[in-house]
$ cat final_10.csv   # CSV, C-alpha atoms and all ligand atoms
chain,number,residue,atom,x,y,z
A,1,MET,CA,139.5,105.8,12.2
A,2,GLN,CA,141.7,102.9,13.2
A,3,GLY,CA,139.8,100.7,15.7
A,4,LYS,CA,142.3,98.1,16.5
A,5,GLY,CA,145.9,98.8,17.2
A,6,ILE,CA,148.9,97.9,15.1
A,7,LEU,CA,152.1,96.0,15.9
A,8,VAL,CA,155.2,98.0,15.4
A,9,VAL,CA,158.5,96.2,15.5
A,10,ILE,CA,161.6,98.3,16.2
A,11,SER,CA,164.8,96.4,15.5
A,12,GLY,CA,168.3,97.7,15.0
A,13,PHE,CA,171.9,97.1,15.8
A,14,SER,CA,172.9,96.9,19.5
A,15,GLY,CA,174.0,100.4,20.3
A,16,ALA,CA,171.8,102.0,17.7
A,17,GLY,CA,169.8,103.8,20.3
A,18,LYS,CA,166.5,101.8,20.0
A,19,GLY,CA,166.0,101.8,23.8
A,20,THR,CA,166.2,105.6,24.1
A,21,LEU,CA,164.0,106.1,21.0
A,22,VAL,CA,161.3,103.8,22.4
A,23,LYS,CA,161.4,105.5,25.8
A,24,ARG,CA,160.9,108.8,24.2
A,25,LEU,CA,158.0,107.6,22.0
A,26,LEU,CA,156.2,106.2,25.1
A,27,CYS,CA,156.7,109.5,27.0
A,28,ASP,CA,155.4,111.6,24.1
A,29,CYS,CA,152.3,109.7,23.2
A,30,ASP,CA,149.6,107.8,25.0
A,31,ASP,CA,148.7,105.7,22.0
A,32,TYR,CA,151.8,103.6,22.4
A,33,ALA,CA,152.3,100.5,24.6
A,34,LEU,CA,155.6,98.8,25.0
A,35,SER,CA,155.7,95.0,25.3
A,36,VAL,CA,158.1,93.9,28.0
A,37,SER,CA,160.0,90.8,26.9
A,38,MET,CA,161.0,87.7,28.7
A,39,THR,CA,164.7,86.8,28.7
A,40,THR,CA,167.2,84.4,30.2
A,41,ARG,CA,170.1,86.9,30.1
A,42,GLY,CA,171.4,88.3,33.4
A,43,MET,CA,170.1,91.6,34.7
A,44,ARG,CA,172.3,94.6,34.0
A,45,GLU,CA,173.0,97.3,36.6
A,46,GLY,CA,170.0,99.6,36.8
A,47,GLU,CA,167.6,97.2,35.2
A,48,VAL,CA,164.3,96.3,37.0
A,49,ASP,CA,162.6,92.9,36.7
A,50,GLY,CA,159.1,93.5,35.1
A,51,ARG,CA,160.0,96.9,33.7
A,52,ASP,CA,163.0,96.3,31.5
A,53,TYR,CA,162.5,92.5,31.0
A,54,PHE,CA,160.9,89.6,32.8
A,55,PHE,CA,164.2,87.9,33.9
A,56,VAL,CA,163.6,84.1,34.0
A,57,THR,CA,165.6,80.9,34.1
A,58,LYS,CA,166.2,78.7,31.0
A,59,ASP,CA,163.7,76.2,32.3
A,60,ALA,CA,161.0,78.8,32.9
A,61,PHE,CA,161.6,80.2,29.4
A,62,GLU,CA,161.3,76.7,27.8
A,63,ASP,CA,158.0,76.2,29.8
A,64,ALA,CA,156.7,79.4,28.3
A,65,ILE,CA,157.5,78.2,24.8
A,66,LYS,CA,155.8,74.8,25.5
A,67,ASN,CA,152.7,76.5,26.9
A,68,ASP,CA,152.4,78.7,23.8
A,69,MET,CA,152.7,81.9,25.9
A,70,LEU,CA,155.1,83.7,23.5
A,71,VAL,CA,154.2,85.4,20.2
A,72,GLU,CA,157.8,84.9,19.1
A,73,HIS,CA,161.1,84.0,20.5
A,74,ALA,CA,164.8,83.9,19.5
A,75,SER,CA,168.2,83.2,20.7
A,76,TYR,CA,170.6,86.2,20.7
A,77,CYS,CA,174.2,86.1,21.9
A,78,GLY,CA,173.6,82.9,23.8
A,79,ASN,CA,170.4,84.0,25.6
A,80,TYR,CA,166.7,83.5,24.9
A,81,TYR,CA,164.4,86.5,24.3
A,82,GLY,CA,160.6,86.3,23.7
A,83,THR,CA,157.5,88.4,23.5
A,84,PRO,CA,154.7,87.4,26.0
A,85,LYS,CA,151.4,86.9,24.1
A,86,ALA,CA,148.8,88.0,26.7
A,87,TYR,CA,149.9,91.7,27.0
A,88,VAL,CA,150.2,92.2,23.2
A,89,ASP,CA,146.7,90.8,22.6
A,90,LYS,CA,145.2,93.0,25.4
A,91,MET,CA,146.9,96.2,24.1
A,92,LEU,CA,145.9,95.6,20.5
A,93,SER,CA,142.3,95.1,21.5
A,94,GLU,CA,142.5,98.4,23.3
A,95,GLY,CA,143.5,100.1,20.0
A,96,LYS,CA,147.1,100.8,21.1
A,97,CYS,CA,150.2,100.8,18.8
A,98,VAL,CA,152.1,98.0,20.4
A,99,ILE,CA,155.9,98.4,20.2
A,100,LEU,CA,158.1,95.4,20.2
A,101,GLU,CA,161.7,96.2,20.5
A,102,ILE,CA,163.1,92.9,19.3
A,103,GLU,CA,165.9,91.5,17.2
A,104,VAL,CA,165.6,90.5,13.5
A,105,GLN,CA,164.7,86.8,13.8
A,106,GLY,CA,161.8,87.6,16.1
A,107,ALA,CA,160.8,90.4,13.7
A,108,MET,CA,160.6,88.0,10.8
A,109,GLN,CA,158.4,85.6,12.8
A,110,ILE,CA,156.1,88.4,13.8
A,111,LYS,CA,155.8,89.6,10.2
A,112,GLU,CA,155.0,86.1,9.0
A,113,LYS,CA,152.3,85.6,11.7
A,114,PHE,CA,150.9,89.2,11.4
A,115,PRO,CA,151.6,90.6,7.9
A,116,ASP,CA,150.2,94.0,8.9
A,117,THR,CA,153.1,94.6,11.3
A,118,LEU,CA,155.1,97.7,10.6
A,119,LEU,CA,158.8,96.9,10.6
A,120,LEU,CA,161.3,99.7,11.5
A,121,PHE,CA,165.0,99.3,11.6
A,122,VAL,CA,167.1,101.8,13.7
A,123,THR,CA,170.7,102.4,12.7
A,124,PRO,CA,173.4,105.0,13.5
A,125,PRO,CA,174.6,106.9,10.4
A,126,SER,CA,177.8,104.8,10.2
A,127,ILE,CA,179.4,101.6,11.6
A,128,LYS,CA,182.2,103.7,13.1
A,129,ILE,CA,179.6,105.6,15.2
A,130,LEU,CA,178.0,102.3,16.1
A,131,GLU,CA,181.3,100.9,17.4
A,132,ASN,CA,182.0,104.1,19.4
A,133,ARG,CA,178.5,104.0,21.0
A,134,LEU,CA,178.9,100.4,22.1
A,135,ARG,CA,182.3,101.2,23.8
A,136,GLY,CA,180.9,104.4,25.3
A,137,ARG,CA,178.2,102.5,27.1
A,138,GLY,CA,180.8,101.1,29.5
A,139,THR,CA,178.5,98.3,30.5
A,140,GLU,CA,180.0,95.6,28.2
A,141,THR,CA,183.3,93.7,28.0
A,142,GLU,CA,185.4,93.9,24.8
A,143,GLU,CA,184.4,90.2,24.2
A,144,VAL,CA,180.7,91.1,24.3
A,145,ILE,CA,181.3,94.2,22.1
A,146,ALA,CA,183.0,92.0,19.5
A,147,LYS,CA,180.2,89.5,19.7
A,148,ARG,CA,177.6,92.3,19.1
A,149,LEU,CA,179.5,93.6,16.1
A,150,ARG,CA,179.6,90.1,14.6
A,151,GLN,CA,175.8,89.9,15.3
A,152,ALA,CA,175.3,93.2,13.5
A,153,MET,CA,176.8,91.7,10.4
A,154,ASP,CA,174.1,89.0,10.4
A,155,GLU,CA,171.4,91.5,11.2
A,156,ALA,CA,172.4,93.7,8.3
A,157,LYS,CA,171.5,90.8,6.0
A,158,LEU,CA,167.8,91.3,6.9
A,159,MET,CA,167.7,95.1,6.8
A,160,GLU,CA,166.0,95.1,3.4
A,161,LYS,CA,163.1,93.2,4.8
A,162,TYR,CA,162.1,96.2,6.9
A,163,GLU,CA,159.7,98.8,5.7
A,164,TYR,CA,161.6,101.9,7.0
A,165,LEU,CA,165.1,102.7,8.1
A,166,ILE,CA,165.4,105.1,11.0
A,167,ILE,CA,168.8,106.8,10.9
A,168,ASN,CA,169.5,107.8,14.5
A,169,ASP,CA,171.8,110.8,14.2
A,170,ASP,CA,169.8,113.4,16.1
A,171,LEU,CA,167.5,111.8,18.8
A,172,ASP,CA,164.7,114.5,18.6
A,173,GLU,CA,164.6,114.2,14.8
A,174,CYS,CA,164.6,110.4,15.0
A,175,VAL,CA,161.7,110.4,17.5
A,176,LYS,CA,159.7,112.8,15.4
A,177,GLN,CA,160.3,110.8,12.2
A,178,THR,CA,159.3,107.5,13.9
A,179,ASP,CA,156.2,109.0,15.3
A,180,GLU,CA,155.2,110.3,11.8
A,181,ILE,CA,155.9,107.0,10.1
A,182,ILE,CA,153.7,105.1,12.6
A,183,HIS,CA,150.9,107.6,12.4
A,184,ALA,CA,151.0,107.5,8.6
A,185,ALA,CA,150.8,103.7,8.7
A,186,LEU,CA,147.6,103.9,10.7
A,187,PHE,CA,146.0,105.6,7.7
A,188,GLU,CA,147.2,103.1,5.0
A,189,ALA,CA,144.1,102.0,3.1
A,190,SER,CA,145.2,98.4,3.3
A,191,ARG,CA,145.2,98.5,7.1
A,192,ASN,CA,141.7,99.9,7.1
A,193,ALA,CA,139.7,97.3,5.3
A,194,ASP,CA,136.8,97.4,7.9
A,195,PHE,CA,136.5,101.2,7.6
A,196,ILE,CA,136.4,101.0,3.8
A,197,SER,CA,133.8,98.2,3.7
A,198,ASP,CA,131.6,100.1,6.1
A,199,MET,CA,131.7,103.2,3.9
A,200,LYS,CA,130.9,101.1,0.8
A,201,GLN,CA,127.9,99.6,2.7
A,202,GLN,CA,126.6,103.0,3.7
A,203,LEU,CA,127.0,104.3,0.1
A,204,ALA,CA,125.2,101.2,-1.2
A,205,GLU,CA,122.3,101.8,1.2
A,206,ILE,CA,122.0,105.5,0.2
A,207,ASN,CA,122.1,104.7,-3.5
A,208,LYS,CA,119.4,101.9,-3.2
B,1,LIG,P1,169.7,93.4,25.2
B,1,LIG,O1,170.3,92.2,25.8
B,1,LIG,O2,170.7,94.4,24.7
B,1,LIG,O3,168.7,94.0,26.1
B,1,LIG,O4,168.9,92.9,23.9
B,1,LIG,C1,169.6,92.1,22.9
B,1,LIG,C2,168.7,92.1,21.7
B,1,LIG,O5,167.5,91.3,22.0
B,1,LIG,C3,168.2,93.4,21.2
B,1,LIG,O6,168.4,93.5,19.8
B,1,LIG,C4,166.7,93.4,21.6
B,1,LIG,O7,166.0,94.2,20.7
B,1,LIG,C5,166.4,92.0,21.4
B,1,LIG,N1,165.2,91.6,22.1
B,1,LIG,C6,164.7,92.1,23.3
B,1,LIG,N2,163.5,91.5,23.6
B,1,LIG,C7,163.3,90.6,22.6
B,1,LIG,C8,162.2,89.7,22.4
B,1,LIG,O8,161.2,89.6,23.1
B,1,LIG,N3,162.3,88.9,21.2
B,1,LIG,C9,163.3,89.0,20.4
B,1,LIG,N4,163.3,88.2,19.3
B,1,LIG,N5,164.3,89.9,20.6
B,1,LIG,C10,164.3,90.6,21.7

$ encode --input "final_10.csv" --output "structure tokens"
Amino acid sequence: MQGKGILVVISGFSGAGKGTLVKRLLCDCDDYALSVSMTTRGMREGEVDGRDYFFVTKDAFEDAIKNDMLVEHASYCGNYYGTPKAYVDKMLSEGKCVILEIEVQGAMQIKEKFPDTLLLFVTPPSIKILENRLRGRGTETEEVIAKRLRQAMDEAKLMEKYEYLIINDDLDECVKQTDEIIHAALFEASRNADFISDMKQQLAEINK
């Protein structure tokens, strides 16, 4: 029924498990496409340029902003992050559900530009669990962990603006719930104005 795709924003505290959730969604369903962001932050061990992010310099990022190549962008923990426009447009026109795994400021920009966007916020069941997960990663210094927990406090202020909370306790359950929420959204009457008006037109013709 849904001809054009929808934008799905997945935000959440650093350490909430968004990355793993998104990877699983992409594996399980061909309807999803993941937008690869541009960032000025350094590459972490195991990350690949063009797969995890497009890693660029500050100058290159600022050029992309100037040339209107990003749908949204934000500064997070001292680095720029942004969503390249071209890929999102292409995937939406192919009818995909385009997933943006982005932080809250960017999410608000997207919702303002595209009010139909589905906003999902991923969180662990408790803050204690969040803290343990951040330490357990072993990839960040204590200073970075403290910075991310302070950041989480700011992000929590915008949690109510999201349409759904995804409580990431059990990963399988979390993937299933997210998939169901996205598929239910595809059938919301308000997202299917073209389908409805087509039906009305056909009925009007039959009843002439
Ligand atoms: P990380 O450095 O851990 O990969 O990402 C830090 C934060 O930046 C995460 O909350 C992630 O979702 C967010 N992020 C990643 N890409 C983008 C983007 O293109 N735009 C915005 N606004 N945030 C992003």

$ closest_residue --input "final_10.csv" --among "A:Met38, A:Val88, A:Ile6, A:Leu25" --to "ligand LIG 1 (chain B)" --atoms "all atoms listed in the file"
A:Met38

$ residues_near_ligand --input "final_10.csv" --ligand "ligand LIG 1 (chain B)" --cutoff "6 Å" --atoms "all atoms listed in the file" --output "list of chain:residue names"
A:Ser11, A:Ser14, A:Ser37, A:Met38, A:His73, A:Ala74, A:Tyr81, A:Gly82, A:Thr83, A:Glu101, A:Ile102, A:Glu103, A:Gln105, A:Gly106

$ residues_around --input "final_10.csv" --residues "region 174-188 of chain A" --least-positions-apart "2" --cutoff "12 Å" --atoms "only C-alpha atoms" --output "mmCIF file with C-alpha atoms, in the frame of the given file"
data_model
loop_
_atom_site.group_PDB
_atom_site.id
_atom_site.type_symbol
_atom_site.label_atom_id
_atom_site.label_comp_id
_atom_site.auth_asym_id
_atom_site.auth_seq_id
_atom_site.Cartn_x
_atom_site.Cartn_y
_atom_site.Cartn_z
ATOM 1 C CA MET A 1 139.500 105.800 12.200
ATOM 2 C CA GLN A 2 141.700 102.900 13.200
ATOM 3 C CA GLY A 3 139.800 100.700 15.700
ATOM 4 C CA LYS A 4 142.300 98.100 16.500
ATOM 5 C CA GLY A 5 145.900 98.800 17.200
ATOM 6 C CA ILE A 6 148.900 97.900 15.100
ATOM 7 C CA LEU A 7 152.100 96.000 15.900
ATOM 8 C CA VAL A 8 155.200 98.000 15.400
ATOM 9 C CA VAL A 9 158.500 96.200 15.500
ATOM 10 C CA ILE A 10 161.600 98.300 16.200
ATOM 11 C CA ALA A 16 171.800 102.000 17.700
ATOM 12 C CA GLY A 17 169.800 103.800 20.300
ATOM 13 C CA LYS A 18 166.500 101.800 20.000
ATOM 14 C CA GLY A 19 166.000 101.800 23.800
ATOM 15 C CA THR A 20 166.200 105.600 24.100
ATOM 16 C CA LEU A 21 164.000 106.100 21.000
ATOM 17 C CA VAL A 22 161.300 103.800 22.400
ATOM 18 C CA LYS A 23 161.400 105.500 25.800
ATOM 19 C CA ARG A 24 160.900 108.800 24.200
ATOM 20 C CA LEU A 25 158.000 107.600 22.000
ATOM 21 C CA LEU A 26 156.200 106.200 25.100
ATOM 22 C CA CYS A 27 156.700 109.500 27.000
ATOM 23 C CA ASP A 28 155.400 111.600 24.100
ATOM 24 C CA CYS A 29 152.300 109.700 23.200
ATOM 25 C CA ASP A 30 149.600 107.800 25.000
ATOM 26 C CA ASP A 31 148.700 105.700 22.000
ATOM 27 C CA TYR A 32 151.800 103.600 22.400
ATOM 28 C CA GLY A 95 143.500 100.100 20.000
ATOM 29 C CA LYS A 96 147.100 100.800 21.100
ATOM 30 C CA CYS A 97 150.200 100.800 18.800
ATOM 31 C CA VAL A 98 152.100 98.000 20.400
ATOM 32 C CA ILE A 99 155.900 98.400 20.200
ATOM 33 C CA ASP A 116 150.200 94.000 8.900
ATOM 34 C CA THR A 117 153.100 94.600 11.300
ATOM 35 C CA LEU A 118 155.100 97.700 10.600
ATOM 36 C CA LEU A 119 158.800 96.900 10.600
ATOM 37 C CA LEU A 120 161.300 99.700 11.500
ATOM 38 C CA PHE A 121 165.000 99.300 11.600
ATOM 39 C CA VAL A 122 167.100 101.800 13.700
ATOM 40 C CA THR A 123 170.700 102.400 12.700
ATOM 41 C CA PRO A 124 173.400 105.000 13.500
ATOM 42 C CA PRO A 125 174.600 106.900 10.400
ATOM 43 C CA GLU A 163 159.700 98.800 5.700
ATOM 44 C CA TYR A 164 161.600 101.900 7.000
ATOM 45 C CA LEU A 165 165.100 102.700 8.100
ATOM 46 C CA ILE A 166 165.400 105.100 11.000
ATOM 47 C CA ILE A 167 168.800 106.800 10.900
ATOM 48 C CA ASN A 168 169.500 107.800 14.500
ATOM 49 C CA ASP A 169 171.800 110.800 14.200
ATOM 50 C CA ASP A 170 169.800 113.400 16.100
ATOM 51 C CA LEU A 171 167.500 111.800 18.800
ATOM 52 C CA ASP A 172 164.700 114.500 18.600
ATOM 53 C CA SER A 190 145.200 98.400 3.300
ATOM 54 C CA ARG A 191 145.200 98.500 7.100
ATOM 55 C CA ASN A 192 141.700 99.900 7.100
ATOM 56 C CA ALA A 193 139.700 97.300 5.300
ATOM 57 C CA PHE A 195 136.500 101.200 7.600
ATOM 58 C CA ILE A 196 136.400 101.000 3.800
#

$ atom_distance --input "final_10.csv" --atom1 "CA of Leu149 (chain A)" --atom2 "CA of Phe13 (chain A)"
8.4 Å

$ closest_residue --input "final_10.csv" --among "A:Leu34, A:Lys113, A:Cys77, A:Asp89" --to "Arg150 (chain A)" --atoms "only C-alpha atoms"
A:Cys77

$ atom_distance --input "final_10.csv" --atom1 "CA of Arg148 (chain A)" --atom2 "CA of Arg51 (chain A)"
23.3 Å

$ closest_residue --input "final_10.csv" --among "A:Gly136, A:Gly78, A:Gly12, A:Pro84" --to "Ser35 (chain A)" --atoms "all atoms listed in the file"
A:Pro84

$ residues_near_point --input "final_10.csv" --point "(177.3, 98.9, 20.4)" --cutoff "7 Å" --atoms "all atoms listed in the file" --output "list of chain:residue names"
A:Ser14, A:Gly15, A:Ala16, A:Leu130, A:Glu131, A:Arg133, A:Leu134, A:Arg135, A:Ile145, A:Arg148

$ atom_distance --input "final_10.csv" --atom1 "CA of Gln151 (chain A)" --atom2 "CA of Arg41 (chain A)"
16.1 Å

$ residues_near_point --input "final_10.csv" --point "(163.7, 82.7, 29.6)" --cutoff "6 Å" --atoms "all atoms listed in the file" --output "JSON, numbers by chain"
{"A": [38, 39, 40, 56, 57, 58, 60, 61, 80]}

$ closest_residue --input "final_10.csv" --among "A:Leu70, A:Ile65, A:Lys161, A:Ala146" --to "Glu112 (chain A)" --atoms "all atoms listed in the file"
A:Lys161

$ closest_residue --input "final_10.csv" --among "A:Ala33, A:Ile110, A:Met91, A:Met43" --to "Asn79 (chain A)" --atoms "all atoms listed in the file"
A:Met43

$ closest_residue --input "final_10.csv" --among "A:Met199, A:Met108, A:Val144, A:Ile206" --to "Leu158 (chain A)" --atoms "only C-alpha atoms"
A:Met108
